[in-house]
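Undergrad: There's a structure below that I have some questions on.
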Amino acid sequence: MTRFAPSVSDEFLSTTVLLHIRSGSFVDGFQVTVSVLEDNKIVHEDSSFQMPPAPEMRDKYTQWQSQLGEGSRRRQSRLSPVAAQETNVSDVDHLSAWRASTKTLREYCKQWFGDREFKLIEKDVVGNTRNSQARSIPIVIRCGDIPDKDILCRLPFQLWNLHTSLSNCEFALFTRPRRPGKPLGSQIKVLAIFGSEAGGLNLDKDAAALSQLERNGAQVTKVLEPTNGELYTLLSDYVWDVLFFAGHSASTCEGGRIQIRKDENLSLENLRPSLAYTLAKGLKLAIFNSCDGLGIADFLAQLGVPNIIVMKEPVPDDIAGLFLTEFLKEFTKGTRLCKSIRLARQRIALDQDAFPAASWLPVA
């Protein structure tokens, strides 16, 4: 049964939709609880929903994922055959196969999201969520301890019609229900860490986006390949609103690693004490514009970082820089986090010819 809270100005209300996937598998389908929260209070909840089976999802996603690393920050800055494969196919052949696998995955996902069960969830969410232009509505996908969690978290849920039905929503994994705080604005303090450019990594667009922030009044401290001691001091002794990283990264069982210098990786676990210091001093947002960021985001969320943006999979240099530019343009003028991501995602969707499905990658 729906229970709406007393009327309050939309400017001071937060709305979050939580889709808790409690159990199941792609073979049998998933049990789902839908919750709508306003200012952290549940105003509607229904645990009777399920997502239908999708027995081919893992194979189709894995096939697409296997071709994804080329042209990204995981390897080179242009499309080329996957190094681990013994193949002589050209860049054109690889891109053609990549586009085909993207189309196959997109169509399979859209077929899944078009099932009657998803339409019932959509109807319930839309019918019990108060929407207005003043709000940014995160739809948080929370997966229980289920075998298919690794793939579920990576799916392009924005292909679901629900993303169109709620014009201000954005699917998220690490966003938490909270009252909306004061927008960051343009006069913020940013620590921008640039890691190793090994492998032909090009971070020029990231740097350009941050330079635009400086022109708009932000205080941006840029450090290139800092030593561990320098990084510890910067995080521990200074106050930052935003922590930014660009470079190579990877998720691990302990959270994640970033390549600070050539042939030298740094575990986020080793940075835990210094990250805790900067968080206690008011850190509001962490952006890791690098590859394979889900484990990194999970680590930062458990640490308590209020807002996090990462890339779910390898991302090309141009797309990473363009996303950062468009996101910061929106976010620093007062647009809420999820809506800023949605608008930036829509922009990079126009540049997907060279990198199929690039707009699927950013997540909060």
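Chain lettering (A, B, ...) mirrors the order of the structure tokens, residue numbering begins at 1 for each chain separately, and ligand numbering begins at 1 in order of display.
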Which neighbours of Ala218 of chain A fall inside 12 Å, counting only C-alpha atoms, when residues of the same chain fewer than 6 positions from it are skipped, and could you give them as a list in words?
TA: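 So, after excluding close chain neighbours, the residues are Leu184, Gly185, Ser186, Gln187, Ile188, Lys189, Val190, Leu191, Ala192, Ala209, Leu210, Ser211, Gln212, Trp240, Asp241, Val242, Leu328, Thr332 and Lys333 of chain A.
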Undergrad: Any chance you could export the current selection's N, CA, C and O atoms as a compact mmCIF listing (two decimals), in the first residue's frame?
TA:
# COMPACT_ATOMS: atom_id res chain seq x y z
N LEU A 184 27.24 21.41 -5.34
CA LEU A 184 28.64 21.78 -5.20
C LEU A 184 28.93 23.16 -5.76
O LEU A 184 29.70 23.93 -5.19
N GLY A 185 28.34 23.47 -6.90
CA GLY A 185 28.66 24.74 -7.53
C GLY A 185 30.04 24.70 -8.17
O GLY A 185 30.69 23.66 -8.23
N SER A 186 30.51 25.83 -8.67
CA SER A 186 31.76 25.86 -9.42
C SER A 186 32.98 26.13 -8.54
O SER A 186 34.11 25.81 -8.92
N GLN A 187 32.80 26.73 -7.37
CA GLN A 187 33.93 27.07 -6.52
C GLN A 187 34.23 25.94 -5.55
O GLN A 187 33.90 25.99 -4.36
N ILE A 188 34.87 24.92 -6.08
CA ILE A 188 35.15 23.72 -5.31
C ILE A 188 36.65 23.44 -5.31
O ILE A 188 37.40 23.97 -6.13
N LYS A 189 37.06 22.59 -4.37
CA LYS A 189 38.45 22.18 -4.28
C LYS A 189 38.57 20.74 -4.79
O LYS A 189 37.92 19.83 -4.27
N VAL A 190 39.40 20.57 -5.81
CA VAL A 190 39.52 19.29 -6.49
C VAL A 190 40.96 18.80 -6.42
O VAL A 190 41.89 19.54 -6.76
N LEU A 191 41.12 17.56 -5.99
CA LEU A 191 42.42 16.89 -6.10
C LEU A 191 42.34 15.96 -7.31
O LEU A 191 41.57 15.00 -7.32
N ALA A 192 43.13 16.28 -8.33
CA ALA A 192 43.12 15.50 -9.57
C ALA A 192 44.41 14.71 -9.69
O ALA A 192 45.50 15.29 -9.83
N ALA A 209 39.08 19.30 -19.24
CA ALA A 209 37.84 19.45 -18.49
C ALA A 209 38.10 20.09 -17.13
O ALA A 209 37.33 20.95 -16.67
N LEU A 210 39.17 19.69 -16.49
CA LEU A 210 39.52 20.26 -15.18
C LEU A 210 39.99 21.71 -15.32
O LEU A 210 39.73 22.54 -14.45
N SER A 211 40.67 22.02 -16.43
CA SER A 211 41.09 23.40 -16.66
C SER A 211 39.88 24.31 -16.83
O SER A 211 39.89 25.47 -16.39
N GLN A 212 38.84 23.80 -17.46
CA GLN A 212 37.60 24.57 -17.59
C GLN A 212 37.00 24.84 -16.22
O GLN A 212 36.47 25.92 -15.95
N TRP A 240 39.35 18.55 0.53
CA TRP A 240 38.92 18.43 -0.86
C TRP A 240 37.42 18.18 -0.93
O TRP A 240 36.88 17.45 -0.12
N ASP A 241 36.79 18.78 -1.93
CA ASP A 241 35.39 18.47 -2.22
C ASP A 241 35.28 17.28 -3.16
O ASP A 241 34.38 16.46 -3.06
N VAL A 242 36.23 17.22 -4.10
CA VAL A 242 36.19 16.19 -5.15
C VAL A 242 37.56 15.52 -5.25
O VAL A 242 38.59 16.20 -5.30
N LEU A 328 30.77 17.42 -15.50
CA LEU A 328 31.16 18.54 -14.65
C LEU A 328 30.42 19.81 -15.03
O LEU A 328 30.08 20.63 -14.17
N THR A 332 28.38 21.09 -11.70
CA THR A 332 28.87 22.29 -11.01
C THR A 332 27.97 23.50 -11.21
O THR A 332 28.25 24.57 -10.66
N LYS A 333 26.92 23.35 -11.98
CA LYS A 333 25.94 24.44 -12.05
C LYS A 333 24.68 24.12 -11.24
O LYS A 333 23.69 24.83 -11.33
Undergrad: Can you list, as a PyMOL selection string, every protein, DNA or RNA residue that comes within 8 Å of segment 204-206 of chain A when you count only C-alpha atoms, leaving out same-chain residues fewer than 4 positions away?
TA: chain A and resi 210+246+317-318+320-322+324-325
Undergrad: What's the separation between atom CA of Phe118 of chain A and atom CA of Met51 of chain A, in Å to one decimal place?
TA: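 Here the two named atoms are 6.5 Å from each other.
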Undergrad: Can you list, as number ranges by chain, all residues belonging to segment 110-206 of chain A that DSSP tags as strand (DSSP E)?
TA: A: 137-143, 169-172, 189-194
Undergrad: Output all heavy atoms for every residue in the selection just made, as a short mmCIF file (atom, residue, chain, number, x, y, z; two decimals), in the first residue's frame.
TA:
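To be explicit, this is the file written out as part.cif:
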data_model
loop_
_atom_site.label_atom_id
_atom_site.label_comp_id
_atom_site.auth_asym_id
_atom_site.auth_seq_id
_atom_site.Cartn_x
_atom_site.Cartn_y
_atom_site.Cartn_z
N ILE A 137 16.09 11.43 -9.61
CA ILE A 137 15.64 10.20 -8.96
C ILE A 137 16.57 9.04 -9.29
O ILE A 137 16.54 8.50 -10.40
CB ILE A 137 14.20 9.84 -9.39
CG1 ILE A 137 13.27 11.01 -9.09
CG2 ILE A 137 13.73 8.56 -8.71
CD1 ILE A 137 11.86 10.83 -9.62
N PRO A 138 17.44 8.65 -8.36
CA PRO A 138 18.24 7.44 -8.59
C PRO A 138 17.40 6.19 -8.42
O PRO A 138 16.61 6.08 -7.48
CB PRO A 138 19.32 7.52 -7.50
CG PRO A 138 18.72 8.35 -6.42
CD PRO A 138 17.77 9.31 -7.09
N ILE A 139 17.54 5.28 -9.36
CA ILE A 139 16.93 3.95 -9.24
C ILE A 139 18.07 2.99 -8.92
O ILE A 139 18.86 2.64 -9.80
CB ILE A 139 16.19 3.53 -10.51
CG1 ILE A 139 15.08 4.54 -10.83
CG2 ILE A 139 15.61 2.13 -10.37
CD1 ILE A 139 14.31 4.23 -12.09
N VAL A 140 18.18 2.63 -7.68
CA VAL A 140 19.33 1.87 -7.21
C VAL A 140 19.09 0.37 -7.39
O VAL A 140 18.09 -0.17 -6.89
CB VAL A 140 19.62 2.17 -5.72
CG1 VAL A 140 20.84 1.41 -5.26
CG2 VAL A 140 19.81 3.67 -5.51
N ILE A 141 19.98 -0.27 -8.14
CA ILE A 141 19.93 -1.71 -8.32
C ILE A 141 20.79 -2.34 -7.23
O ILE A 141 22.01 -2.17 -7.21
CB ILE A 141 20.46 -2.14 -9.71
CG1 ILE A 141 19.76 -1.36 -10.82
CG2 ILE A 141 20.31 -3.64 -9.90
CD1 ILE A 141 18.30 -1.63 -10.94
N ARG A 142 20.17 -3.02 -6.31
CA ARG A 142 20.91 -3.66 -5.21
C ARG A 142 20.76 -5.17 -5.34
O ARG A 142 19.65 -5.70 -5.29
CB ARG A 142 20.39 -3.18 -3.86
CG ARG A 142 21.17 -3.73 -2.67
CD ARG A 142 20.81 -2.98 -1.41
NE ARG A 142 21.20 -1.57 -1.49
CZ ARG A 142 20.78 -0.62 -0.66
NH1 ARG A 142 19.93 -0.94 0.32
NH2 ARG A 142 21.20 0.62 -0.79
N CYS A 143 21.87 -5.84 -5.53
CA CYS A 143 21.85 -7.29 -5.73
C CYS A 143 22.26 -8.00 -4.45
O CYS A 143 23.24 -7.61 -3.80
CB CYS A 143 22.79 -7.69 -6.85
SG CYS A 143 22.41 -6.94 -8.44
N CYS A 169 15.21 10.18 -13.89
CA CYS A 169 15.83 9.05 -13.17
C CYS A 169 17.16 8.67 -13.81
O CYS A 169 17.47 9.04 -14.94
CB CYS A 169 14.88 7.84 -13.16
SG CYS A 169 14.89 6.87 -14.69
N GLU A 170 17.95 7.93 -13.06
CA GLU A 170 19.18 7.34 -13.56
C GLU A 170 19.46 6.09 -12.74
O GLU A 170 19.38 6.11 -11.52
CB GLU A 170 20.35 8.31 -13.46
CG GLU A 170 21.68 7.75 -13.93
CD GLU A 170 21.69 7.35 -15.40
OE1 GLU A 170 20.80 7.80 -16.17
OE2 GLU A 170 22.57 6.57 -15.79
N PHE A 171 19.77 5.00 -13.41
CA PHE A 171 20.08 3.76 -12.70
C PHE A 171 21.44 3.88 -12.03
O PHE A 171 22.39 4.42 -12.59
CB PHE A 171 20.06 2.57 -13.67
CG PHE A 171 18.67 2.22 -14.12
CD1 PHE A 171 18.19 2.67 -15.34
CD2 PHE A 171 17.83 1.47 -13.32
CE1 PHE A 171 16.91 2.36 -15.76
CE2 PHE A 171 16.54 1.16 -13.72
CZ PHE A 171 16.08 1.61 -14.95
N ALA A 172 21.51 3.38 -10.81
CA ALA A 172 22.72 3.51 -10.00
C ALA A 172 22.97 2.22 -9.23
O ALA A 172 22.07 1.41 -9.04
CB ALA A 172 22.58 4.69 -9.03
N LYS A 189 37.06 22.59 -4.37
CA LYS A 189 38.45 22.18 -4.28
C LYS A 189 38.57 20.74 -4.79
O LYS A 189 37.92 19.83 -4.27
CB LYS A 189 38.94 22.27 -2.84
CG LYS A 189 38.96 23.71 -2.30
CD LYS A 189 39.46 23.76 -0.87
CE LYS A 189 39.48 25.19 -0.35
NZ LYS A 189 39.95 25.27 1.06
N VAL A 190 39.40 20.57 -5.81
CA VAL A 190 39.52 19.29 -6.49
C VAL A 190 40.96 18.80 -6.42
O VAL A 190 41.89 19.54 -6.76
CB VAL A 190 39.10 19.41 -7.98
CG1 VAL A 190 39.20 18.06 -8.68
CG2 VAL A 190 37.69 19.97 -8.10
N LEU A 191 41.12 17.56 -5.99
CA LEU A 191 42.42 16.89 -6.10
C LEU A 191 42.34 15.96 -7.31
O LEU A 191 41.57 15.00 -7.32
CB LEU A 191 42.74 16.08 -4.85
CG LEU A 191 44.01 15.22 -4.94
CD1 LEU A 191 45.25 16.08 -5.21
CD2 LEU A 191 44.21 14.39 -3.66
N ALA A 192 43.13 16.28 -8.33
CA ALA A 192 43.12 15.50 -9.57
C ALA A 192 44.41 14.71 -9.69
O ALA A 192 45.50 15.29 -9.83
CB ALA A 192 42.95 16.42 -10.77
N ILE A 193 44.30 13.40 -9.61
CA ILE A 193 45.46 12.51 -9.67
C ILE A 193 45.53 11.90 -11.07
O ILE A 193 44.59 11.24 -11.51
CB ILE A 193 45.34 11.39 -8.63
CG1 ILE A 193 45.17 11.98 -7.22
CG2 ILE A 193 46.55 10.47 -8.68
CD1 ILE A 193 44.69 10.97 -6.20
N PHE A 194 46.63 12.13 -11.74
CA PHE A 194 46.85 11.53 -13.05
C PHE A 194 47.89 10.44 -12.92
O PHE A 194 49.03 10.69 -12.52
CB PHE A 194 47.32 12.60 -14.05
CG PHE A 194 46.25 13.59 -14.42
CD1 PHE A 194 46.03 14.71 -13.64
CD2 PHE A 194 45.45 13.38 -15.53
CE1 PHE A 194 45.04 15.63 -13.96
CE2 PHE A 194 44.45 14.28 -15.87
CZ PHE A 194 44.24 15.41 -15.09
#
Undergrad: Do a neighbour search on Asn265 of chain A at 10 Å with only C-alpha atoms, toss out local chain neighbours closer than 4 positions, and write the hits as a PDB file with C-alpha atoms, in the first residue's frame.
TA:
ATOM      1  CA  GLY A 195      48.383   8.095 -13.129  1.00  0.00           C
ATOM      2  CA  SER A 196      50.775   6.499 -15.569  1.00  0.00           C
ATOM      3  CA  HIS A 248      44.703   2.671 -15.505  1.00  0.00           C
ATOM      4  CA  SER A 249      42.780   0.806 -12.808  1.00  0.00           C
ATOM      5  CA  ALA A 250      41.302  -2.582 -12.045  1.00  0.00           C
ATOM      6  CA  GLY A 256      40.817  -2.130  -6.518  1.00  0.00           C
ATOM      7  CA  ARG A 257      44.218  -0.994  -7.697  1.00  0.00           C
ATOM      8  CA  ILE A 258      45.328   2.096  -9.598  1.00  0.00           C
ATOM      9  CA  GLN A 259      48.477   2.458 -11.674  1.00  0.00           C
ATOM     10  CA  ILE A 260      50.159   5.505 -10.198  1.00  0.00           C
ATOM     11  CA  ARG A 261      53.463   5.098 -12.020  1.00  0.00           C
TER      12      ARG A 261
END
Undergrad: At what distance in Å, to one decimal, does atom CA of Thr102 of chain A lie from atom CA of Val126 of chain A?
TA: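 Distance between the two atoms: 28.9 Å.
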Undergrad: Can you work out which one of A:Leu155, A:Leu294, A:Leu224, A:Ala286 has the shortest atom-to-atom distance to Lys262 of chain A, counting only C-alpha atoms?
TA: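 With only C-alpha atoms as the atom set, the closest residue is A:Leu224.
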Undergrad: Would you pick out the contacts of Arg342 of chain A at 12 Å or less, using only C-alpha atoms, so that residues sharing its chain but fewer than 6 positions from it are not included, and give the list as a compact mmCIF listing (two decimals) with all heavy atoms, in the first residue's frame?
TA:
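Full text of out_17.txt as output:
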# COMPACT_ATOMS: atom_id res chain seq x y z
N SER A 136 15.99 14.72 -8.91
CA SER A 136 16.81 13.75 -9.61
C SER A 136 16.58 12.43 -8.90
O SER A 136 16.80 12.32 -7.69
CB SER A 136 18.28 14.16 -9.55
OG SER A 136 19.10 13.18 -10.13
N ILE A 137 16.09 11.43 -9.61
CA ILE A 137 15.64 10.20 -8.96
C ILE A 137 16.57 9.04 -9.29
O ILE A 137 16.54 8.50 -10.40
CB ILE A 137 14.20 9.84 -9.39
CG1 ILE A 137 13.27 11.01 -9.09
CG2 ILE A 137 13.73 8.56 -8.71
CD1 ILE A 137 11.86 10.83 -9.62
N PRO A 138 17.44 8.65 -8.36
CA PRO A 138 18.24 7.44 -8.59
C PRO A 138 17.40 6.19 -8.42
O PRO A 138 16.61 6.08 -7.48
CB PRO A 138 19.32 7.52 -7.50
CG PRO A 138 18.72 8.35 -6.42
CD PRO A 138 17.77 9.31 -7.09
N ILE A 139 17.54 5.28 -9.36
CA ILE A 139 16.93 3.95 -9.24
C ILE A 139 18.07 2.99 -8.92
O ILE A 139 18.86 2.64 -9.80
CB ILE A 139 16.19 3.53 -10.51
CG1 ILE A 139 15.08 4.54 -10.83
CG2 ILE A 139 15.61 2.13 -10.37
CD1 ILE A 139 14.31 4.23 -12.09
N GLN A 158 19.52 1.15 -18.58
CA GLN A 158 18.89 2.29 -19.22
C GLN A 158 18.17 1.91 -20.51
O GLN A 158 17.44 2.74 -21.06
CB GLN A 158 19.90 3.41 -19.48
CG GLN A 158 21.03 3.05 -20.41
CD GLN A 158 22.23 2.52 -19.67
OE1 GLN A 158 22.12 1.98 -18.58
NE2 GLN A 158 23.39 2.67 -20.27
N HIS A 163 13.48 3.88 -17.86
CA HIS A 163 14.41 5.00 -17.96
C HIS A 163 13.79 6.16 -18.73
O HIS A 163 14.08 7.33 -18.48
CB HIS A 163 15.69 4.54 -18.65
CG HIS A 163 16.83 5.49 -18.53
ND1 HIS A 163 17.29 6.24 -19.58
CD2 HIS A 163 17.62 5.83 -17.47
CE1 HIS A 163 18.31 6.99 -19.19
NE2 HIS A 163 18.53 6.76 -17.92
N THR A 164 12.91 5.84 -19.68
CA THR A 164 12.20 6.87 -20.44
C THR A 164 10.98 7.37 -19.68
O THR A 164 10.66 8.57 -19.72
CB THR A 164 11.77 6.31 -21.81
OG1 THR A 164 12.92 5.82 -22.50
CG2 THR A 164 11.09 7.38 -22.65
N LEU A 166 10.48 7.74 -16.47
CA LEU A 166 10.86 8.72 -15.45
C LEU A 166 11.99 9.57 -16.01
O LEU A 166 13.15 9.16 -16.01
CB LEU A 166 11.32 8.01 -14.17
CG LEU A 166 10.23 7.39 -13.29
CD1 LEU A 166 10.85 6.69 -12.08
CD2 LEU A 166 9.22 8.43 -12.82
N SER A 167 11.64 10.75 -16.48
CA SER A 167 12.59 11.57 -17.24
C SER A 167 13.79 12.04 -16.41
O SER A 167 14.82 12.38 -16.97
CB SER A 167 11.88 12.78 -17.83
OG SER A 167 11.30 13.57 -16.80
N ASN A 168 13.66 12.07 -15.08
CA ASN A 168 14.76 12.54 -14.23
C ASN A 168 15.46 11.40 -13.50
O ASN A 168 16.22 11.65 -12.56
CB ASN A 168 14.24 13.55 -13.21
CG ASN A 168 13.90 14.88 -13.85
OD1 ASN A 168 14.37 15.16 -14.95
ND2 ASN A 168 13.09 15.67 -13.20
N CYS A 169 15.21 10.18 -13.89
CA CYS A 169 15.83 9.05 -13.17
C CYS A 169 17.16 8.67 -13.81
O CYS A 169 17.47 9.04 -14.94
CB CYS A 169 14.88 7.84 -13.16
SG CYS A 169 14.89 6.87 -14.69
N GLU A 170 17.95 7.93 -13.06
CA GLU A 170 19.18 7.34 -13.56
C GLU A 170 19.46 6.09 -12.74
O GLU A 170 19.38 6.11 -11.52
CB GLU A 170 20.35 8.31 -13.46
CG GLU A 170 21.68 7.75 -13.93
CD GLU A 170 21.69 7.35 -15.40
OE1 GLU A 170 20.80 7.80 -16.17
OE2 GLU A 170 22.57 6.57 -15.79
N PHE A 171 19.77 5.00 -13.41
CA PHE A 171 20.08 3.76 -12.70
C PHE A 171 21.44 3.88 -12.03
O PHE A 171 22.39 4.42 -12.59
CB PHE A 171 20.06 2.57 -13.67
CG PHE A 171 18.67 2.22 -14.12
CD1 PHE A 171 18.19 2.67 -15.34
CD2 PHE A 171 17.83 1.47 -13.32
CE1 PHE A 171 16.91 2.36 -15.76
CE2 PHE A 171 16.54 1.16 -13.72
CZ PHE A 171 16.08 1.61 -14.95
N ALA A 172 21.51 3.38 -10.81
CA ALA A 172 22.72 3.51 -10.00
C ALA A 172 22.97 2.22 -9.23
O ALA A 172 22.07 1.41 -9.04
CB ALA A 172 22.58 4.69 -9.03
N PHE A 323 32.86 12.48 -21.36
CA PHE A 323 31.92 12.27 -20.24
C PHE A 323 32.26 13.20 -19.09
O PHE A 323 31.37 13.84 -18.51
CB PHE A 323 31.96 10.82 -19.77
CG PHE A 323 31.17 10.61 -18.50
CD1 PHE A 323 29.79 10.50 -18.54
CD2 PHE A 323 31.80 10.59 -17.26
CE1 PHE A 323 29.05 10.34 -17.37
CE2 PHE A 323 31.08 10.44 -16.09
CZ PHE A 323 29.70 10.32 -16.15
N GLU A 326 31.18 16.85 -19.88
CA GLU A 326 29.73 17.07 -19.86
C GLU A 326 29.17 16.91 -18.45
O GLU A 326 28.28 17.67 -18.03
CB GLU A 326 29.04 16.09 -20.81
CG GLU A 326 29.41 16.30 -22.28
CD GLU A 326 28.99 17.67 -22.78
OE1 GLU A 326 27.90 18.14 -22.42
OE2 GLU A 326 29.78 18.28 -23.52
N PHE A 327 29.68 15.94 -17.70
CA PHE A 327 29.20 15.75 -16.34
C PHE A 327 29.51 16.97 -15.46
O PHE A 327 28.64 17.49 -14.76
CB PHE A 327 29.80 14.49 -15.71
CG PHE A 327 29.56 14.42 -14.23
CD1 PHE A 327 28.32 14.05 -13.73
CD2 PHE A 327 30.57 14.75 -13.33
CE1 PHE A 327 28.09 14.02 -12.36
CE2 PHE A 327 30.34 14.72 -11.96
CZ PHE A 327 29.09 14.34 -11.48
N GLU A 330 27.38 20.08 -16.01
CA GLU A 330 26.05 20.03 -15.39
C GLU A 330 26.14 20.07 -13.86
O GLU A 330 25.44 20.84 -13.20
CB GLU A 330 25.32 18.75 -15.81
CG GLU A 330 24.91 18.73 -17.27
CD GLU A 330 23.88 19.79 -17.60
OE1 GLU A 330 23.10 20.19 -16.70
OE2 GLU A 330 23.84 20.24 -18.76
N PHE A 331 27.02 19.25 -13.30
CA PHE A 331 27.03 19.07 -11.85
C PHE A 331 27.45 20.34 -11.12
O PHE A 331 26.93 20.65 -10.05
CB PHE A 331 27.98 17.91 -11.50
CG PHE A 331 27.85 17.43 -10.08
CD1 PHE A 331 26.64 16.96 -9.60
CD2 PHE A 331 28.94 17.43 -9.23
CE1 PHE A 331 26.52 16.51 -8.30
CE2 PHE A 331 28.83 16.98 -7.93
CZ PHE A 331 27.60 16.52 -7.46
N THR A 335 23.00 20.97 -11.00
CA THR A 335 22.20 19.80 -11.37
C THR A 335 22.56 18.63 -10.46
O THR A 335 23.73 18.42 -10.16
CB THR A 335 22.46 19.42 -12.84
OG1 THR A 335 22.24 20.57 -13.67
CG2 THR A 335 21.53 18.31 -13.29
N ARG A 336 21.55 17.89 -10.02
CA ARG A 336 21.79 16.77 -9.11
C ARG A 336 22.64 15.69 -9.78
O ARG A 336 22.70 15.59 -11.01
CB ARG A 336 20.47 16.17 -8.63
CG ARG A 336 19.56 17.14 -7.90
CD ARG A 336 20.17 17.63 -6.61
NE ARG A 336 19.30 18.56 -5.90
CZ ARG A 336 19.65 19.25 -4.83
NH1 ARG A 336 20.88 19.13 -4.35
NH2 ARG A 336 18.80 20.08 -4.25
N ILE A 348 27.43 11.45 -24.65
CA ILE A 348 28.42 10.51 -25.20
C ILE A 348 27.76 9.45 -26.07
O ILE A 348 28.43 8.80 -26.87
CB ILE A 348 29.28 9.86 -24.11
CG1 ILE A 348 28.45 8.97 -23.17
CG2 ILE A 348 30.05 10.91 -23.33
CD1 ILE A 348 29.31 8.24 -22.15
N ALA A 349 26.44 9.30 -25.95
CA ALA A 349 25.73 8.36 -26.82
C ALA A 349 25.81 8.79 -28.28
O ALA A 349 25.66 7.96 -29.19
CB ALA A 349 24.27 8.24 -26.40
N SER A 359 27.95 4.63 -23.85
CA SER A 359 27.06 5.27 -22.87
C SER A 359 26.58 4.30 -21.81
O SER A 359 25.98 4.71 -20.82
CB SER A 359 25.85 5.88 -23.59
OG SER A 359 25.06 4.89 -24.22
N TRP A 360 26.85 3.01 -21.97
CA TRP A 360 26.48 2.04 -20.95
C TRP A 360 27.41 2.07 -19.75
O TRP A 360 27.10 1.52 -18.70
CB TRP A 360 26.51 0.62 -21.52
CG TRP A 360 25.54 0.35 -22.63
CD1 TRP A 360 24.61 1.19 -23.16
CD2 TRP A 360 25.43 -0.87 -23.38
NE1 TRP A 360 23.93 0.59 -24.17
CE2 TRP A 360 24.40 -0.69 -24.33
CE3 TRP A 360 26.08 -2.10 -23.33
CZ2 TRP A 360 24.02 -1.68 -25.24
CZ3 TRP A 360 25.70 -3.10 -24.22
CH2 TRP A 360 24.68 -2.90 -25.17
N LEU A 361 28.59 2.67 -19.90
CA LEU A 361 29.68 2.44 -18.95
C LEU A 361 29.64 3.25 -17.66
O LEU A 361 29.95 2.72 -16.60
CB LEU A 361 31.02 2.67 -19.66
CG LEU A 361 31.26 1.82 -20.91
CD1 LEU A 361 32.67 2.06 -21.44
CD2 LEU A 361 31.02 0.34 -20.66
N PRO A 362 29.29 4.56 -17.68
CA PRO A 362 29.33 5.32 -16.40
C PRO A 362 28.25 4.84 -15.43
O PRO A 362 27.13 4.52 -15.83
CB PRO A 362 29.05 6.76 -16.84
CG PRO A 362 29.26 6.79 -18.32
CD PRO A 362 28.92 5.43 -18.80
N VAL A 363 28.58 4.83 -14.13
CA VAL A 363 27.60 4.43 -13.12
C VAL A 363 27.94 5.12 -11.81
O VAL A 363 29.11 5.39 -11.52
CB VAL A 363 27.57 2.90 -12.93
CG1 VAL A 363 28.87 2.38 -12.34
CG2 VAL A 363 26.37 2.45 -12.11
N ALA A 364 26.89 5.44 -11.04
CA ALA A 364 27.07 6.07 -9.74
C ALA A 364 26.76 5.07 -8.63
O ALA A 364 25.96 4.18 -8.82
CB ALA A 364 26.17 7.29 -9.60
Undergrad: Suppose you want the space between atom CA of Ser48 of chain A and atom CA of Ser14 of chain A; what is it in Å?
TA: 24.9 Å
Undergrad: What residues in segment 107-249 of chain A get the DSSP label alpha helix (DSSP H)? Please answer as a VMD selection string.
TA: chain A and resid 107 to 113 116 to 127 149 to 152 162 to 165 204 to 215 228 to 237
Undergrad: Limited to C-alpha atoms, could you put the picked residues into a file as a compact mmCIF listing (two decimals), in the first residue's frame?
TA:
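again-v5.txt, freshly written:
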# COMPACT_ATOMS: atom_id res chain seq x y z
CA GLU A 107 18.49 -6.66 -28.58
CA TYR A 108 18.60 -9.46 -26.01
CA CYS A 109 18.51 -6.98 -23.13
CA LYS A 110 15.65 -5.01 -24.71
CA GLN A 111 13.72 -8.24 -25.21
CA TRP A 112 14.27 -9.09 -21.54
CA PHE A 113 13.33 -5.62 -20.32
CA ARG A 116 5.50 -8.38 -18.92
CA GLU A 117 7.19 -8.72 -15.52
CA PHE A 118 9.38 -5.68 -16.15
CA LYS A 119 6.33 -3.75 -17.31
CA LEU A 120 4.61 -4.55 -14.01
CA ILE A 121 7.63 -3.28 -12.06
CA GLU A 122 7.71 -0.16 -14.23
CA LYS A 123 4.03 0.52 -13.62
CA ASP A 124 4.50 0.15 -9.87
CA VAL A 125 7.53 2.44 -9.76
CA VAL A 126 6.02 5.17 -11.94
CA GLY A 127 2.69 5.01 -10.13
CA LYS A 149 25.51 -10.62 -9.40
CA ASP A 150 28.67 -9.92 -11.41
CA ILE A 151 26.71 -9.71 -14.68
CA LEU A 152 23.55 -8.12 -13.25
CA LEU A 162 11.45 2.75 -17.15
CA HIS A 163 14.41 5.00 -17.96
CA THR A 164 12.20 6.87 -20.44
CA SER A 165 9.08 6.84 -18.27
CA ASP A 204 44.50 15.45 -22.39
CA LYS A 205 40.69 15.69 -22.41
CA ASP A 206 40.51 14.95 -18.69
CA ALA A 207 43.01 17.74 -18.08
CA ALA A 208 41.08 20.10 -20.36
CA ALA A 209 37.84 19.45 -18.49
CA LEU A 210 39.52 20.26 -15.18
CA SER A 211 41.09 23.40 -16.66
CA GLN A 212 37.60 24.57 -17.59
CA LEU A 213 36.61 24.05 -13.95
CA GLU A 214 39.51 26.31 -12.92
CA ARG A 215 38.35 29.02 -15.31
CA ASN A 228 52.95 7.18 -2.28
CA GLY A 229 54.14 9.68 0.32
CA GLU A 230 52.96 12.67 -1.72
CA LEU A 231 49.57 11.07 -2.19
CA TYR A 232 49.22 10.27 1.50
CA THR A 233 50.06 13.86 2.44
CA LEU A 234 47.66 15.36 -0.09
CA LEU A 235 44.78 13.17 1.09
CA SER A 236 45.53 13.47 4.82
CA ASP A 237 46.51 17.12 5.28
Undergrad: Could you list, as a VMD selection string, every residue within 10 Å of segment 309-312 of chain A, counting only C-alpha atoms and ignoring same-chain residues fewer than 2 positions away?
TA: chain A and resid 153 to 155 172 to 175 244 to 245 251 285 to 297 307 314 to 315 320 337 to 338 341 358 to 364
Undergrad: Write out as a PyMOL selection string the residues lying within 7 Å of segment 29-36 of chain A, counting only C-alpha atoms and excluding same-chain residues fewer than 5 positions away.
TA: chain A and resi 16-24+42-53+129
Undergrad: Do a neighbour search on segment 56-63 of chain A at 7 Å with only C-alpha atoms, toss out local chain neighbours closer than 2 positions, and write the hits as a ChimeraX atom specification.
TA: /A:26,54,65-67,105,151
